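Everything below belongs to query-v6.txt, which stores compact mmCIF, C-alpha atoms.
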# COMPACT_ATOMS: atom_id res chain seq x y z
CA MET Y 1 19.02 -6.81 -38.70
CA LEU Y 2 17.60 -9.49 -36.39
CA GLN Y 3 20.54 -9.01 -34.03
CA VAL Y 4 19.91 -5.25 -33.88
CA ILE Y 5 16.22 -5.81 -33.13
CA SER Y 6 17.13 -8.34 -30.44
CA VAL Y 7 19.61 -5.98 -28.77
CA THR Y 8 17.13 -3.09 -28.91
CA TYR Y 9 14.34 -5.23 -27.41
CA THR Y 10 16.65 -6.41 -24.61
CA ALA Y 11 17.69 -2.84 -23.80
CA LEU Y 12 14.10 -1.64 -23.72
CA THR Y 13 13.03 -4.56 -21.53
CA THR Y 14 15.89 -3.94 -19.09
CA ALA Y 15 15.01 -0.23 -18.89
CA ARG Y 16 11.36 -1.10 -18.37
CA LEU Y 17 12.16 -3.49 -15.51
CA HIS Y 18 14.39 -0.89 -13.86
CA TYR Y 19 11.66 1.72 -14.27
CA THR Y 20 9.07 -0.61 -12.77
CA ARG Y 21 11.23 -1.39 -9.71
CA ARG Y 22 11.42 2.24 -8.66
CA ARG Y 23 7.67 2.74 -8.77
CA PRO Y 24 5.95 2.89 -5.36
CA ALA Y 25 3.82 -0.09 -4.42
CA VAL Y 26 0.11 0.63 -4.73
CA THR Y 27 -2.84 -1.09 -3.12
CA GLY Y 28 -6.47 -0.23 -3.68
CA PHE Y 29 -8.35 2.14 -1.38
CA SER Y 30 -12.07 2.44 -0.74
CA GLY Y 31 -14.19 4.37 1.70
CA VAL Y 32 -15.29 7.79 2.93
CA VAL Y 33 -12.69 10.57 2.77
CA VAL Y 34 -13.21 14.04 4.25
CA ALA Y 35 -11.95 17.13 2.42
CA VAL Y 36 -10.94 18.94 5.60
CA VAL Y 37 -10.95 22.68 6.17
CA THR Y 38 -7.82 24.53 7.26
CA PRO Y 39 -8.35 26.48 10.51
CA PHE Y 40 -6.50 29.78 10.88
CA THR Y 41 -5.53 31.72 13.99
CA PRO Y 42 -6.66 35.34 14.55
CA LYS Y 43 -3.22 36.40 13.28
CA GLY Y 44 -3.67 34.38 10.11
CA GLY Y 45 -1.37 31.43 10.80
CA ILE Y 46 -2.19 27.73 10.75
CA ASP Y 47 -4.14 26.66 13.84
CA THR Y 48 -2.71 23.16 14.23
CA GLY Y 49 -4.43 22.58 17.57
CA SER Y 50 -7.91 23.15 16.13
CA PHE Y 51 -6.95 21.20 13.02
CA LYS Y 52 -6.01 18.14 15.07
CA TRP Y 53 -9.17 18.53 17.16
CA LEU Y 54 -11.23 18.40 13.97
CA LEU Y 55 -9.37 15.40 12.51
CA GLU Y 56 -9.37 13.34 15.69
CA GLY Y 57 -13.15 13.68 15.88
CA LEU Y 58 -13.56 12.70 12.24
CA VAL Y 59 -11.51 9.57 12.85
CA GLU Y 60 -13.68 8.80 15.88
CA ALA Y 61 -16.72 9.13 13.62
CA GLY Y 62 -15.40 6.32 11.43
CA VAL Y 63 -14.14 8.04 8.28
CA HIS Y 64 -11.53 6.16 6.28
CA GLY Y 65 -9.43 9.02 4.95
CA LEU Y 66 -8.48 12.69 5.41
CA TRP Y 67 -8.02 14.90 2.33
CA VAL Y 68 -5.66 17.63 3.50
CA ALA Y 69 -4.88 20.91 1.72
CA GLY Y 70 -7.35 20.42 -1.09
CA THR Y 71 -9.91 22.88 -2.45
CA THR Y 72 -11.89 22.93 0.80
CA GLY Y 73 -8.58 23.32 2.63
CA GLU Y 74 -7.77 26.47 0.58
CA TRP Y 75 -4.55 25.05 -0.84
CA THR Y 76 -3.98 27.99 -3.20
CA SER Y 77 -3.48 30.28 -0.19
CA LEU Y 78 -1.02 27.95 1.58
CA THR Y 79 2.75 27.87 1.18
CA PRO Y 80 4.42 24.47 0.81
CA ARG Y 81 5.82 24.79 4.34
CA GLU Y 82 2.38 25.53 5.75
CA ARG Y 83 1.08 22.46 3.99
CA GLY Y 84 3.94 20.46 5.46
CA GLU Y 85 2.79 21.62 8.89
CA LEU Y 86 -0.72 20.37 8.12
CA PHE Y 87 0.61 17.04 6.83
CA HIS Y 88 2.53 16.37 10.02
CA ALA Y 89 -0.49 17.29 12.17
CA ALA Y 90 -2.77 15.06 10.09
CA VAL Y 91 -0.48 12.04 10.37
CA GLU Y 92 -0.32 12.53 14.14
CA ALA Y 93 -4.09 12.92 14.45
CA ALA Y 94 -4.87 9.93 12.23
CA ASP Y 95 -2.36 7.74 14.07
CA GLY Y 96 -2.77 4.96 11.52
CA ARG Y 97 -6.55 4.82 11.94
CA ALA Y 98 -7.31 6.63 8.68
CA LYS Y 99 -5.35 7.28 5.50
CA VAL Y 100 -3.89 10.74 4.97
CA PHE Y 101 -4.08 12.23 1.45
CA ALA Y 102 -1.81 15.26 1.06
CA GLY Y 103 -2.52 18.03 -1.44
CA VAL Y 104 0.65 19.01 -3.29
CA ALA Y 105 -0.60 20.95 -6.31
CA GLY Y 106 1.30 24.06 -7.24
CA LEU Y 107 1.20 26.92 -9.71
CA ARG Y 108 4.80 25.97 -10.54
CA LEU Y 109 6.19 22.45 -10.80
CA GLU Y 110 8.93 23.36 -8.31
CA GLU Y 111 6.27 24.31 -5.75
CA ALA Y 112 4.48 20.99 -6.28
CA LEU Y 113 7.72 19.05 -5.88
CA GLU Y 114 8.61 20.93 -2.69
CA ALA Y 115 5.19 20.16 -1.20
CA SER Y 116 5.54 16.54 -2.35
CA LYS Y 117 8.87 16.16 -0.56
CA LEU Y 118 7.36 17.60 2.63
CA ALA Y 119 4.42 15.22 2.34
CA GLY Y 120 6.73 12.23 2.05
CA ASP Y 121 8.79 13.43 5.02
CA ALA Y 122 5.60 13.76 7.09
CA GLY Y 123 4.69 10.13 6.43
CA VAL Y 124 1.40 10.60 4.58
CA ASP Y 125 -0.16 7.66 2.78
CA TYR Y 126 -0.90 9.34 -0.56
CA VAL Y 127 -0.38 12.64 -2.33
CA PHE Y 128 -2.80 14.27 -4.75
CA SER Y 129 -2.74 17.09 -7.24
CA THR Y 130 -4.87 18.81 -9.81
CA PRO Y 131 -3.41 18.75 -13.31
CA PRO Y 132 -1.20 21.75 -14.16
CA LEU Y 133 -3.06 25.05 -14.23
CA TYR Y 134 -3.31 27.68 -16.95
CA PHE Y 135 -1.66 25.69 -19.77
CA ARG Y 136 -3.17 22.33 -20.65
CA PRO Y 137 -0.46 19.68 -21.12
CA ASN Y 138 -0.63 16.85 -23.60
CA ARG Y 139 -1.04 13.26 -22.42
CA ALA Y 140 2.68 12.51 -22.13
CA LYS Y 141 3.46 15.70 -20.19
CA LEU Y 142 0.53 15.09 -17.86
CA LEU Y 143 1.86 11.64 -17.04
CA GLU Y 144 5.34 13.08 -16.51
CA TYR Y 145 3.88 15.64 -14.08
CA TYR Y 146 2.33 12.94 -11.90
CA GLU Y 147 5.41 10.74 -12.14
CA ARG Y 148 7.63 13.51 -10.82
CA ILE Y 149 5.25 14.24 -7.94
CA SER Y 150 5.16 10.57 -6.97
CA GLU Y 151 8.94 10.28 -7.16
CA ALA Y 152 9.48 13.45 -5.09
CA SER Y 153 7.16 12.25 -2.35
CA GLY Y 154 7.94 8.55 -2.50
CA ARG Y 155 4.17 8.02 -2.28
CA PRO Y 156 1.43 6.89 -4.67
CA VAL Y 157 -0.33 9.85 -6.26
CA TYR Y 158 -3.99 10.61 -6.93
CA ILE Y 159 -5.16 12.61 -9.92
CA TYR Y 160 -7.59 15.34 -8.83
CA THR Y 161 -9.77 16.49 -11.69
CA ILE Y 162 -11.98 19.47 -10.87
CA PRO Y 163 -12.77 21.14 -14.20
CA GLY Y 164 -14.90 23.87 -12.63
CA ASN Y 165 -11.75 25.25 -10.96
CA VAL Y 166 -8.94 24.12 -13.26
CA GLY Y 167 -10.74 25.00 -16.50
CA TYR Y 168 -10.54 21.61 -18.20
CA ASN Y 169 -11.31 17.97 -17.50
CA ILE Y 170 -8.99 15.04 -18.12
CA PRO Y 171 -10.41 12.73 -20.81
CA VAL Y 172 -11.30 9.24 -19.62
CA GLU Y 173 -9.01 7.78 -22.26
CA ASP Y 174 -6.05 9.68 -20.81
CA VAL Y 175 -6.80 8.48 -17.29
CA GLU Y 176 -7.06 4.91 -18.58
CA TRP Y 177 -3.72 5.25 -20.40
CA MET Y 178 -1.98 6.66 -17.32
CA ALA Y 179 -3.39 3.83 -15.18
CA GLU Y 180 -1.84 1.34 -17.60
CA GLU Y 181 1.48 3.16 -17.97
CA TYR Y 182 2.37 4.07 -14.40
CA SER Y 183 1.45 2.10 -11.31
CA GLY Y 184 2.58 5.01 -9.11
CA ILE Y 185 -0.78 6.63 -9.86
CA ALA Y 186 -3.12 5.11 -7.29
CA GLY Y 187 -6.42 6.59 -8.40
CA ILE Y 188 -8.49 9.64 -9.18
CA LYS Y 189 -10.88 11.98 -7.42
CA ALA Y 190 -13.37 13.25 -9.99
CA THR Y 191 -15.26 16.35 -8.88
CA VAL Y 192 -17.76 16.27 -11.71
CA ASN Y 193 -21.52 15.81 -11.89
CA ASP Y 194 -21.40 14.14 -15.31
CA TYR Y 195 -22.81 10.66 -14.73
CA THR Y 196 -21.65 9.46 -18.15
CA TYR Y 197 -18.09 10.56 -17.41
CA LEU Y 198 -18.11 8.83 -14.03
CA GLY Y 199 -19.55 5.64 -15.50
CA ASP Y 200 -17.01 5.53 -18.32
CA LEU Y 201 -14.22 6.34 -15.88
CA VAL Y 202 -15.04 3.42 -13.58
CA ARG Y 203 -15.57 1.00 -16.45
CA MET Y 204 -12.43 1.83 -18.38
CA VAL Y 205 -9.87 2.30 -15.61
CA LYS Y 206 -11.04 -0.80 -13.74
CA GLN Y 207 -10.43 -2.78 -16.93
CA ALA Y 208 -6.95 -1.27 -17.14
CA ARG Y 209 -6.15 -1.91 -13.46
CA ARG Y 210 -8.57 -3.33 -10.94
CA SER Y 211 -6.83 -1.69 -7.94
CA PHE Y 212 -7.11 1.81 -9.46
CA THR Y 213 -9.32 3.83 -7.10
CA VAL Y 214 -12.14 6.04 -8.37
CA LEU Y 215 -13.59 8.52 -5.87
CA ALA Y 216 -16.42 10.97 -6.53
CA GLY Y 217 -16.05 14.52 -5.26
CA SER Y 218 -19.39 15.00 -3.53
CA GLU Y 219 -21.25 13.18 -0.77
CA GLU Y 220 -24.56 12.94 -2.65
CA LEU Y 221 -22.87 10.71 -5.24
CA LEU Y 222 -21.76 7.99 -2.81
CA VAL Y 223 -24.55 5.48 -3.50
CA HIS Y 224 -24.28 6.06 -7.25
CA MET Y 225 -20.51 5.61 -7.18
CA LEU Y 226 -20.74 2.36 -5.25
CA ALA Y 227 -23.52 1.08 -7.49
CA ILE Y 228 -21.44 1.51 -10.66
CA GLY Y 229 -18.36 -0.15 -9.17
CA GLY Y 230 -16.48 2.87 -7.84
CA ASP Y 231 -14.69 3.09 -4.52
CA GLY Y 232 -16.15 5.95 -2.49
CA ILE Y 233 -16.25 9.71 -2.12
CA VAL Y 234 -14.39 12.75 -0.86
CA SER Y 235 -16.90 14.81 1.13
CA ALA Y 236 -16.58 18.43 2.29
CA VAL Y 237 -19.86 18.54 4.26
CA ALA Y 238 -18.50 15.63 6.33
CA ASN Y 239 -16.43 18.19 8.25
CA VAL Y 240 -19.70 18.89 10.06
CA LEU Y 241 -21.73 15.75 9.30
CA PRO Y 242 -19.38 12.76 8.94
CA GLY Y 243 -22.13 10.42 10.10
CA ILE Y 244 -24.17 10.66 6.90
CA PRO Y 245 -21.53 9.23 4.50
CA VAL Y 246 -20.17 6.85 7.16
CA GLU Y 247 -23.63 5.43 7.82
CA THR Y 248 -24.30 5.24 4.06
CA TRP Y 249 -21.06 3.29 3.60
CA ARG Y 250 -22.01 0.96 6.44
CA ALA Y 251 -25.51 0.38 5.06
CA TRP Y 252 -24.12 -0.43 1.61
CA SER Y 253 -21.47 -2.76 3.05
CA GLU Y 254 -24.08 -4.62 5.10
CA GLY Y 255 -26.59 -4.82 2.25
CA ASP Y 256 -29.13 -2.69 4.12
CA THR Y 257 -30.61 -1.10 1.00
CA GLY Y 258 -33.65 0.14 2.89
CA LYS Y 259 -31.60 2.93 4.47
CA LEU Y 260 -29.82 4.12 1.34
CA GLY Y 261 -32.64 6.18 -0.17
CA GLU Y 262 -33.22 8.20 3.01
CA LEU Y 263 -29.50 8.68 3.60
CA SER Y 264 -29.02 9.90 0.03
CA ARG Y 265 -31.87 12.39 0.48
CA GLN Y 266 -30.30 13.64 3.70
CA ALA Y 267 -26.91 14.03 1.99
CA ILE Y 268 -28.46 16.11 -0.80
CA GLU Y 269 -30.42 18.26 1.64
CA ALA Y 270 -27.46 18.87 3.96
CA ARG Y 271 -25.20 19.79 1.03
CA ALA Y 272 -27.76 22.30 -0.24
CA MET Y 273 -28.15 23.86 3.20
CA VAL Y 274 -24.41 24.30 3.69
CA SER Y 275 -23.79 25.53 0.14
CA SER Y 276 -26.50 28.19 0.51
CA LEU Y 277 -24.18 30.12 2.83
CA GLY Y 278 -21.46 30.69 0.25
CA PRO Y 279 -18.05 29.15 -0.56
CA LEU Y 280 -17.62 25.86 1.29
CA PRO Y 281 -14.48 26.78 3.30
CA LEU Y 282 -16.22 29.84 4.75
CA ALA Y 283 -19.59 28.11 5.18
CA LEU Y 284 -18.15 25.05 6.91
CA LYS Y 285 -15.89 26.96 9.28
CA SER Y 286 -18.74 29.33 10.13
CA ILE Y 287 -21.05 26.42 10.96
CA LEU Y 288 -18.37 24.61 12.96
CA SER Y 289 -17.69 27.75 14.97
CA ARG Y 290 -21.39 28.37 15.53
CA LEU Y 291 -21.91 24.82 16.81
CA GLY Y 292 -19.12 25.12 19.36
CA ALA Y 293 -15.95 23.95 17.58
CA PRO Y 294 -12.68 25.71 18.52
CA ILE Y 295 -12.39 26.91 14.91
CA GLU Y 296 -12.48 30.51 13.73
CA ALA Y 297 -14.78 31.42 10.84
CA ARG Y 298 -11.73 32.75 9.07
CA VAL Y 299 -10.59 32.28 5.45
CA ARG Y 300 -7.78 33.69 3.34
CA HIS Y 301 -7.82 35.81 0.21
CA PRO Y 302 -9.37 35.54 -2.37
CA LEU Y 303 -12.17 34.20 -0.15
CA GLY Y 304 -13.50 36.61 2.41
CA GLY Y 305 -16.49 38.20 4.02
CA SER Y 306 -18.72 36.73 6.67
CA VAL Y 307 -22.00 34.85 6.87
CA ASP Y 308 -24.62 34.29 9.55
CA PRO Y 309 -24.79 30.50 9.92
CA SER Y 310 -27.31 30.49 12.76
CA ARG Y 311 -30.35 29.32 10.81
CA VAL Y 312 -28.48 26.55 8.98
CA SER Y 313 -26.54 25.52 12.08
CA LEU Y 314 -29.71 25.19 14.12
CA ALA Y 315 -31.39 23.17 11.37
CA LEU Y 316 -28.42 20.81 11.12
CA CYS Y 317 -28.30 20.48 14.88
CA ARG Y 318 -32.00 19.69 15.13
CA ARG Y 319 -32.36 17.39 12.10
CA TYR Y 320 -29.01 15.63 12.00
CA ARG Y 321 -27.71 15.61 15.55
CA ALA Y 322 -26.85 11.89 15.36
CA PHE Y 323 -24.66 12.51 12.29
CA LEU Y 324 -22.71 15.51 13.59
CA HIS Y 325 -18.98 15.59 14.26
CA PRO Y 326 -18.85 13.73 17.61
CA ARG Y 327 -17.02 16.51 19.44
CA LEU Y 328 -19.50 19.26 18.55
CA PRO Y 329 -21.60 20.33 21.53
CA CYS Y 330 -24.36 21.53 19.16
CA VAL Y 331 -24.76 24.91 20.86
CA GLU Y 332 -28.29 26.34 20.95
CA ASP Y 333 -28.40 29.68 22.78
CA GLU Y 334 -31.15 32.29 23.02
CA TYR Y 335 -30.03 33.92 19.80
CA SER Y 336 -30.79 30.73 17.88
CA TYR Y 337 -34.38 30.53 18.99
CA GLN Y 338 -35.47 33.39 16.77
CA TYR Y 339 -35.16 30.91 13.92
CA LEU Y 340 -37.51 28.30 15.40

Output the structure of this file as structure tokens.
Amino acid sequence: MLQVISVTYTALTTARLHYTRRRPAVTGFSGVVVAVVTPFTPKGGIDTGSFKWLLEGLVEAGVHGLWVAGTTGEWTSLTPRERGELFHAAVEAADGRAKVFAGVAGLRLEEALEASKLAGDAGVDYVFSTPPLYFRPNRAKLLEYYERISEASGRPVYIYTIPGNVGYNIPVEDVEWMAEEYSGIAGIKATVNDYTYLGDLVRMVKQARRSFTVLAGSEELLVHMLAIGGDGIVSAVANVLPGIPVETWRAWSEGDTGKLGELSRQAIEARAMVSSLGPLPLALKSILSRLGAPIEARVRHPLGGSVDPSRVSLALCRRYRAFLHPRLPCVEDEYSYQYL
């Protein structure tokens, strides 16, 4: 009996070591990441020129990462090959100055694996995905899903929990377990406003693995996330106003606590102004276009319609000029002055 136990233990240990060797190396990440919009041409294709224009300016503004083909990037309307086109353009635009996070979620596993392979071929730094949609997997199947994505891409993977869109949240205990079980999972972006969940998430996963990254999904949570031991945020409004989270990060890093309250207020106000226009992809592209960016205010189905961003654009231009995307000319023509 002892011999059987010994042989079994040796076999399991050998398998475990082999399994560990083929996991991608993971180092911790921290900073400000921008959930970038996806510009489209008048004919509906990917506008890679405008996309690179946007990303190069964001890198100039000092952001640390680019979140490509996520919710703000309208991933559900993009084919894997279109996402591959975006991944290549993002890697070129970043040029090693910022990390590229590639969205590879799919309605089918095969779609996610195809996008993952394209992301790896493009040379991105990380891939990310929501958990599977429609059917909620158990803990083991959820881990298997992220393992297969990481293996297909050859890159560390980020969990992207956004219960408002997916329909369910991932329990903190499951995230902690996955952090312990598989080092190919680099971290999580949690788009939730539940402060208890965020606090428990940071506390428990950091105990499981210190290098495991926890990012909040909204710019107004940056100071809170840093204060509880998290690693940063993924901001959509930073497409237009990268300076607010970048300056907040700098103030925190330098211990300049006097600035943090005002910067947090500005982040909350700017988010509310942008969100008042409608869905973020449409609102952000409309504002960018109105302020002089070479980006069409164009979205894909199921988003649609149009908004008049003049009032919000003028307010952002007047109040937050120093925080704007550095390549925006901040256009103010005669039409705008009716809102003064």

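Across Y:Ala297, Y:Met178, Y:Glu92, Y:Glu56, the tightest approach to Lys141 (chain Y) is made by Y:Met178 when counting all atoms listed in the file.
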
- Query: Quick one: distance from CA of Ala272 (chain Y) to CA of Thr130 (chain Y) in Å, one decimal?
  - Reply: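 Rounded to one decimal, the two atoms are 25.1 Å apart.
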
- May I ask which of the residues Y:Val34, Y:Cys330, Y:Leu222, Y:Leu78 is the closest one to Ala115 (chain Y), counting all atoms listed in the file?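 Among Y:Val34, Y:Cys330, Y:Leu222, Y:Leu78, it is Y:Leu78 that comes nearest to Ala115 (chain Y).
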
- Task: Tell me, as a PyMOL selection string, which residues lie within 9 Å of Arg298 (chain Y), counting only C-alpha atoms; anything in the same chain fewer than 3 positions away does not count.
- Result: chain Y and resi 39-42+44+281-282+285-286+295+304-306

What does the file look like for those residues with C-alpha atoms, as a PDB file, in the frame of the given file?
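Wrote result.pdb, looks like this:
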ATOM      1  CA  PRO Y  39      -8.350  26.480  10.510  1.00  0.00           C
ATOM      2  CA  PHE Y  40      -6.500  29.780  10.880  1.00  0.00           C
ATOM      3  CA  THR Y  41      -5.530  31.720  13.990  1.00  0.00           C
ATOM      4  CA  PRO Y  42      -6.660  35.340  14.550  1.00  0.00           C
ATOM      5  CA  GLY Y  44      -3.670  34.380  10.110  1.00  0.00           C
ATOM      6  CA  PRO Y 281     -14.480  26.780   3.300  1.00  0.00           C
ATOM      7  CA  LEU Y 282     -16.220  29.840   4.750  1.00  0.00           C
ATOM      8  CA  LYS Y 285     -15.890  26.960   9.280  1.00  0.00           C
ATOM      9  CA  SER Y 286     -18.740  29.330  10.130  1.00  0.00           C
ATOM     10  CA  ILE Y 295     -12.390  26.910  14.910  1.00  0.00           C
ATOM     11  CA  GLY Y 304     -13.500  36.610   2.410  1.00  0.00           C
ATOM     12  CA  GLY Y 305     -16.490  38.200   4.020  1.00  0.00           C
ATOM     13  CA  SER Y 306     -18.720  36.730   6.670  1.00  0.00           C
TER      14      SER Y 306
END

- Message: Rounded to one decimal, what separation in Å do you get between CA of Ala122 (chain Y) and CA of Phe87 (chain Y)?
- Response: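 Here the two named atoms are 6.0 Å from each other.
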
- Query: Pick the closest to Glu262 (chain Y) from Y:Ser275, Y:Thr248, Y:Asn193, Y:Asn138: which is it, counting all atoms listed in the file?
  - Reply: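 The shortest atom-to-atom distance to Glu262 (chain Y) comes from Y:Thr248.
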
- Message: Using only C-alpha atoms, can you tell me which of Y:Ala112, Y:Ala322, Y:Val205, Y:Ala186 comes closest to Leu133 (chain Y)?
- Response: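 Result for the nearest residue to Leu133 (chain Y): Y:Ala112.
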
- Message: For a test of reading the model, state the distance in Å between CA of Val91 (chain Y) and CA of Ala293 (chain Y), rounded to one decimal.
- Response: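 About the pair CA of Val91 (chain Y) and CA of Ala293 (chain Y): they are 20.8 Å apart.
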
Do you know which residues are at most 12 Å from Ala227 (chain Y) counting all atoms listed in the file, after dropping those on the same chain fewer than 2 positions away, and could you put them as a PDB file with C-alpha atoms, in the coordinates of the input?
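After the write, part29.pdb holds the following:
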ATOM      1  CA  LEU Y 198     -18.110   8.830 -14.030  1.00  0.00           C
ATOM      2  CA  GLY Y 199     -19.550   5.640 -15.500  1.00  0.00           C
ATOM      3  CA  VAL Y 202     -15.040   3.420 -13.580  1.00  0.00           C
ATOM      4  CA  ARG Y 203     -15.570   1.000 -16.450  1.00  0.00           C
ATOM      5  CA  LEU Y 221     -22.870  10.710  -5.240  1.00  0.00           C
ATOM      6  CA  LEU Y 222     -21.760   7.990  -2.810  1.00  0.00           C
ATOM      7  CA  VAL Y 223     -24.550   5.480  -3.500  1.00  0.00           C
ATOM      8  CA  HIS Y 224     -24.280   6.060  -7.250  1.00  0.00           C
ATOM      9  CA  MET Y 225     -20.510   5.610  -7.180  1.00  0.00           C
ATOM     10  CA  GLY Y 229     -18.360  -0.150  -9.170  1.00  0.00           C
ATOM     11  CA  GLY Y 230     -16.480   2.870  -7.840  1.00  0.00           C
ATOM     12  CA  ASP Y 231     -14.690   3.090  -4.520  1.00  0.00           C
ATOM     13  CA  GLY Y 232     -16.150   5.950  -2.490  1.00  0.00           C
ATOM     14  CA  TRP Y 249     -21.060   3.290   3.600  1.00  0.00           C
ATOM     15  CA  TRP Y 252     -24.120  -0.430   1.610  1.00  0.00           C
ATOM     16  CA  SER Y 253     -21.470  -2.760   3.050  1.00  0.00           C
ATOM     17  CA  GLY Y 255     -26.590  -4.820   2.250  1.00  0.00           C
ATOM     18  CA  THR Y 257     -30.610  -1.100   1.000  1.00  0.00           C
ATOM     19  CA  LEU Y 260     -29.820   4.120   1.340  1.00  0.00           C
TER      20      LEU Y 260
END

- For Leu58 (chain Y), the nearest of the candidates Y:Lys189, Y:Val37, Y:Leu201, Y:Thr161, counting only C-alpha atoms: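 Checking each of Y:Lys189, Y:Val37, Y:Leu201, Y:Thr161 against Leu58 (chain Y), counting only C-alpha atoms, the winner is Y:Val37.
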
- Task: Identify which of the residues Y:Glu296, Y:Glu219, Y:Asp125, Y:Asp256 lies closest to Gly96 (chain Y), counting only C-alpha atoms when measuring atom-to-atom distances.
- Result: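 Among the listed residues, the smallest separation from Gly96 (chain Y) belongs to Y:Asp125.
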
Can you patch up region 49-62 of chain Y, filling it in to N, CA and C atoms, and show the result as a tab-separated table (two decimals), keeping the file's coordinate frame?
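And here is the file that came out, result01.tsv:
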chain	number	residue	atom	x	y	z
Y	49	GLY	N	-3.67	23.17	16.47
Y	49	GLY	CA	-4.43	22.58	17.57
Y	49	GLY	C	-5.87	22.32	17.18
Y	50	SER	N	-6.53	23.32	16.58
Y	50	SER	CA	-7.91	23.15	16.13
Y	50	SER	C	-8.00	22.14	14.99
Y	51	PHE	N	-6.99	22.15	14.14
Y	51	PHE	CA	-6.95	21.20	13.02
Y	51	PHE	C	-6.93	19.76	13.54
Y	52	LYS	N	-6.08	19.49	14.51
Y	52	LYS	CA	-6.01	18.14	15.07
Y	52	LYS	C	-7.29	17.78	15.82
Y	53	TRP	N	-7.89	18.75	16.49
Y	53	TRP	CA	-9.17	18.53	17.16
Y	53	TRP	C	-10.22	18.05	16.15
Y	54	LEU	N	-10.27	18.75	15.02
Y	54	LEU	CA	-11.23	18.40	13.97
Y	54	LEU	C	-10.98	16.99	13.45
Y	55	LEU	N	-9.71	16.69	13.12
Y	55	LEU	CA	-9.37	15.40	12.51
Y	55	LEU	C	-9.57	14.24	13.46
Y	56	GLU	N	-9.20	14.43	14.72
Y	56	GLU	CA	-9.37	13.34	15.69
Y	56	GLU	C	-10.84	12.97	15.84
Y	57	GLY	N	-11.72	13.97	15.81
Y	57	GLY	CA	-13.15	13.68	15.88
Y	57	GLY	C	-13.66	12.99	14.63
Y	58	LEU	N	-13.15	13.36	13.48
Y	58	LEU	CA	-13.56	12.70	12.24
Y	58	LEU	C	-13.15	11.23	12.24
Y	59	VAL	N	-11.96	10.96	12.75
Y	59	VAL	CA	-11.51	9.57	12.85
Y	59	VAL	C	-12.41	8.80	13.82
Y	60	GLU	N	-12.76	9.43	14.93
Y	60	GLU	CA	-13.68	8.80	15.88
Y	60	GLU	C	-15.02	8.48	15.23
Y	61	ALA	N	-15.44	9.33	14.29
Y	61	ALA	CA	-16.72	9.13	13.62
Y	61	ALA	C	-16.69	7.98	12.62
Y	62	GLY	N	-15.50	7.49	12.29
Y	62	GLY	CA	-15.40	6.32	11.43
Y	62	GLY	C	-15.03	6.58	9.99
